>>> print(open('start-v3.txt').read())   # compact mmCIF, N, CA and C atoms
# COMPACT_ATOMS: atom_id res chain seq x y z
N MET A 349 10.88 182.77 222.78
CA MET A 349 10.82 181.42 223.30
C MET A 349 11.41 180.45 222.28
N THR A 350 12.29 179.61 222.70
CA THR A 350 12.94 178.64 221.83
C THR A 350 11.98 177.52 221.46
N GLU A 351 11.99 177.14 220.19
CA GLU A 351 11.25 175.99 219.72
C GLU A 351 12.25 174.93 219.28
N TYR A 352 11.88 173.68 219.43
CA TYR A 352 12.76 172.57 219.09
C TYR A 352 12.13 171.76 217.96
N TRP A 353 12.99 171.30 217.06
CA TRP A 353 12.57 170.58 215.88
C TRP A 353 13.39 169.30 215.75
N TYR A 354 12.78 168.25 215.23
CA TYR A 354 13.49 167.01 214.95
C TYR A 354 13.80 166.97 213.46
N ASN A 355 15.06 166.80 213.11
CA ASN A 355 15.48 166.73 211.73
C ASN A 355 15.50 165.26 211.30
N VAL A 356 14.63 164.91 210.34
CA VAL A 356 14.51 163.51 209.92
C VAL A 356 15.69 163.06 209.05
N LYS A 357 16.43 163.98 208.52
CA LYS A 357 17.60 163.62 207.70
C LYS A 357 18.83 163.36 208.57
N THR A 358 19.09 164.24 209.54
CA THR A 358 20.28 164.11 210.38
C THR A 358 20.00 163.38 211.69
N HIS A 359 18.72 163.25 212.05
CA HIS A 359 18.28 162.64 213.31
C HIS A 359 18.77 163.45 214.52
N GLU A 360 18.89 164.75 214.33
CA GLU A 360 19.32 165.63 215.41
C GLU A 360 18.22 166.62 215.77
N ILE A 361 18.31 167.17 216.96
CA ILE A 361 17.38 168.18 217.42
C ILE A 361 17.95 169.55 217.07
N GLU A 362 17.08 170.40 216.52
CA GLU A 362 17.50 171.75 216.17
C GLU A 362 16.72 172.75 217.00
N GLU A 363 17.37 173.82 217.35
CA GLU A 363 16.70 174.92 218.02
C GLU A 363 16.35 175.97 216.98
N ASP A 364 15.10 176.37 216.95
CA ASP A 364 14.62 177.42 216.05
C ASP A 364 14.80 177.10 214.57
N ALA A 365 14.54 175.88 214.16
CA ALA A 365 14.43 175.45 212.76
C ALA A 365 15.51 176.01 211.85
N MET A 366 16.67 175.40 211.89
CA MET A 366 17.79 175.86 211.08
C MET A 366 17.81 175.21 209.69
N SER A 367 17.17 174.07 209.51
CA SER A 367 17.20 173.35 208.23
C SER A 367 15.95 173.64 207.41
N ASP A 368 15.95 173.07 206.20
CA ASP A 368 14.81 173.17 205.31
C ASP A 368 13.57 172.54 205.97
N TRP A 369 12.42 173.17 205.76
CA TRP A 369 11.19 172.71 206.41
C TRP A 369 10.81 171.29 206.01
N THR A 370 11.25 170.83 204.85
CA THR A 370 10.90 169.48 204.40
C THR A 370 11.61 168.40 205.22
N GLN A 371 12.59 168.78 206.02
CA GLN A 371 13.35 167.82 206.81
C GLN A 371 12.99 167.86 208.29
N LEU A 372 12.02 168.70 208.67
CA LEU A 372 11.76 168.93 210.09
C LEU A 372 10.39 168.46 210.53
N ILE A 373 10.33 167.98 211.78
CA ILE A 373 9.08 167.68 212.46
C ILE A 373 9.04 168.59 213.68
N GLY A 374 7.93 169.27 213.87
CA GLY A 374 7.81 170.15 215.02
C GLY A 374 6.93 171.32 214.70
N PRO A 375 6.92 172.30 215.51
CA PRO A 375 7.83 172.56 216.63
C PRO A 375 7.37 171.88 217.92
N TYR A 376 8.30 171.72 218.82
CA TYR A 376 8.05 171.20 220.15
C TYR A 376 8.51 172.22 221.17
N LYS A 377 7.88 172.19 222.33
CA LYS A 377 8.22 173.17 223.38
C LYS A 377 9.51 172.84 224.10
N THR A 378 9.85 171.53 224.14
CA THR A 378 11.06 171.14 224.86
C THR A 378 11.93 170.24 223.97
N ARG A 379 13.19 170.17 224.31
CA ARG A 379 14.12 169.29 223.59
C ARG A 379 13.68 167.83 223.76
N GLU A 380 13.22 167.48 224.96
CA GLU A 380 12.79 166.10 225.22
C GLU A 380 11.62 165.70 224.33
N GLU A 381 10.65 166.58 224.15
CA GLU A 381 9.53 166.29 223.26
C GLU A 381 10.03 166.06 221.83
N ALA A 382 10.95 166.88 221.38
CA ALA A 382 11.50 166.74 220.03
C ALA A 382 12.26 165.42 219.88
N GLU A 383 12.93 164.99 220.93
CA GLU A 383 13.68 163.74 220.89
C GLU A 383 12.75 162.55 220.67
N HIS A 384 11.49 162.68 221.05
CA HIS A 384 10.52 161.59 220.92
C HIS A 384 9.58 161.79 219.73
N ALA A 385 9.96 162.64 218.80
CA ALA A 385 9.11 162.98 217.66
C ALA A 385 8.74 161.75 216.83
N LEU A 386 9.70 160.90 216.55
CA LEU A 386 9.41 159.73 215.72
C LEU A 386 8.46 158.76 216.41
N GLU A 387 8.54 158.67 217.74
CA GLU A 387 7.62 157.82 218.47
C GLU A 387 6.19 158.35 218.33
N LYS A 388 6.03 159.67 218.40
CA LYS A 388 4.71 160.28 218.22
C LYS A 388 4.18 160.03 216.82
N VAL A 389 5.04 160.19 215.84
CA VAL A 389 4.63 159.97 214.45
C VAL A 389 4.17 158.53 214.27
N LYS A 390 4.92 157.59 214.79
CA LYS A 390 4.57 156.17 214.66
C LYS A 390 3.23 155.88 215.33
N ALA A 391 3.03 156.41 216.53
CA ALA A 391 1.77 156.18 217.25
C ALA A 391 0.59 156.77 216.49
N ARG A 392 0.75 157.95 215.95
CA ARG A 392 -0.34 158.58 215.18
C ARG A 392 -0.64 157.80 213.91
N ASN A 393 0.39 157.35 213.24
CA ASN A 393 0.19 156.55 212.02
C ASN A 393 -0.57 155.27 212.33
N GLU A 394 -0.21 154.61 213.42
CA GLU A 394 -0.90 153.38 213.81
C GLU A 394 -2.37 153.66 214.14
N ALA A 395 -2.63 154.77 214.82
CA ALA A 395 -4.02 155.14 215.15
C ALA A 395 -4.81 155.42 213.89
N TRP A 396 -4.20 156.09 212.92
CA TRP A 396 -4.90 156.37 211.66
C TRP A 396 -5.15 155.08 210.89
N ASP A 397 -4.22 154.15 210.93
CA ASP A 397 -4.42 152.86 210.26
C ASP A 397 -5.61 152.12 210.86
N VAL A 398 -5.76 152.17 212.16
CA VAL A 398 -6.90 151.53 212.83
C VAL A 398 -8.19 152.18 212.38
N GLN A 399 -8.19 153.51 212.30
CA GLN A 399 -9.39 154.23 211.84
C GLN A 399 -9.74 153.85 210.40
N ASP A 400 -8.72 153.70 209.57
CA ASP A 400 -8.97 153.33 208.17
C ASP A 400 -9.59 151.94 208.06
N ASP A 401 -9.24 151.05 208.99
CA ASP A 401 -9.77 149.69 208.98
C ASP A 401 -11.24 149.65 209.38
N ASP A 402 -11.70 150.68 210.09
CA ASP A 402 -13.10 150.70 210.57
C ASP A 402 -14.07 151.05 209.50
>>> encode(input="start-v3.txt", output="structure tokens")
Amino acid sequence: MTEYWYNVKTHEIEEDAMSDWTQLIGPYKTREEAEHALEKVKARNEAWDVQDDD
């Protein structure tokens, strides 16, 4: 089964993690999920910031 990764250095989607792990976010089941990786990261960071404020 193919896994998709978002490369934070190139801003491209990779199939089956071709780059160094330090540059990748994932894995994701679909290319579309990987394309929205940064949005997920931003949302999670904001949620954690709210928790820290509590």
>>> select_by_dssp(input="start-v3.txt", residues="chain A", states="helix (DSSP H, G or I)", output="PyMOL selection string")
chain A and resi 369-371+379-383+385-401
>>> atom_distance(input="start-v3.txt", atom1="atom N of A:Pro375", atom2="atom CA of A:Asp400")
25.8 Å
>>> atom_distance(input="start-v3.txt", atom1="atom CA of A:Met349", atom2="atom CA of A:Glu383")
18.1 Å
>>> residues_around(input="start-v3.txt", residues="A:Asn355", least_positions_apart="5", cutoff="6 Å", atoms="all atoms listed in the file", output="PyMOL selection string")
chain A and resi 360-362+371-373
>>> atom_distance(input="start-v3.txt", atom1="atom CA of A:Tyr352", atom2="atom C of A:Thr370")
14.5 Å
>>> select_by_dssp(input="start-v3.txt", residues="chain A", states="strand (DSSP E)", output="ChimeraX atom specification")
/A:352-355,361-363,372-376
>>> axis_aligned_box(input="start-v3.txt", around="stretch 365-384 of chain A", padding_each_side="8 Å", output="lines of an AutoDock Vina configuration file")
center_x = 12.4
center_y = 168.8
center_z = 214.8
size_x = 26.9
size_y = 30.4
size_z = 36.8
>>> closest_residue(input="start-v3.txt", among="A:Tyr376, A:Glu351, A:Ala391, A:Asp401", to="A:Asp364", atoms="only C-alpha atoms")
A:Glu351
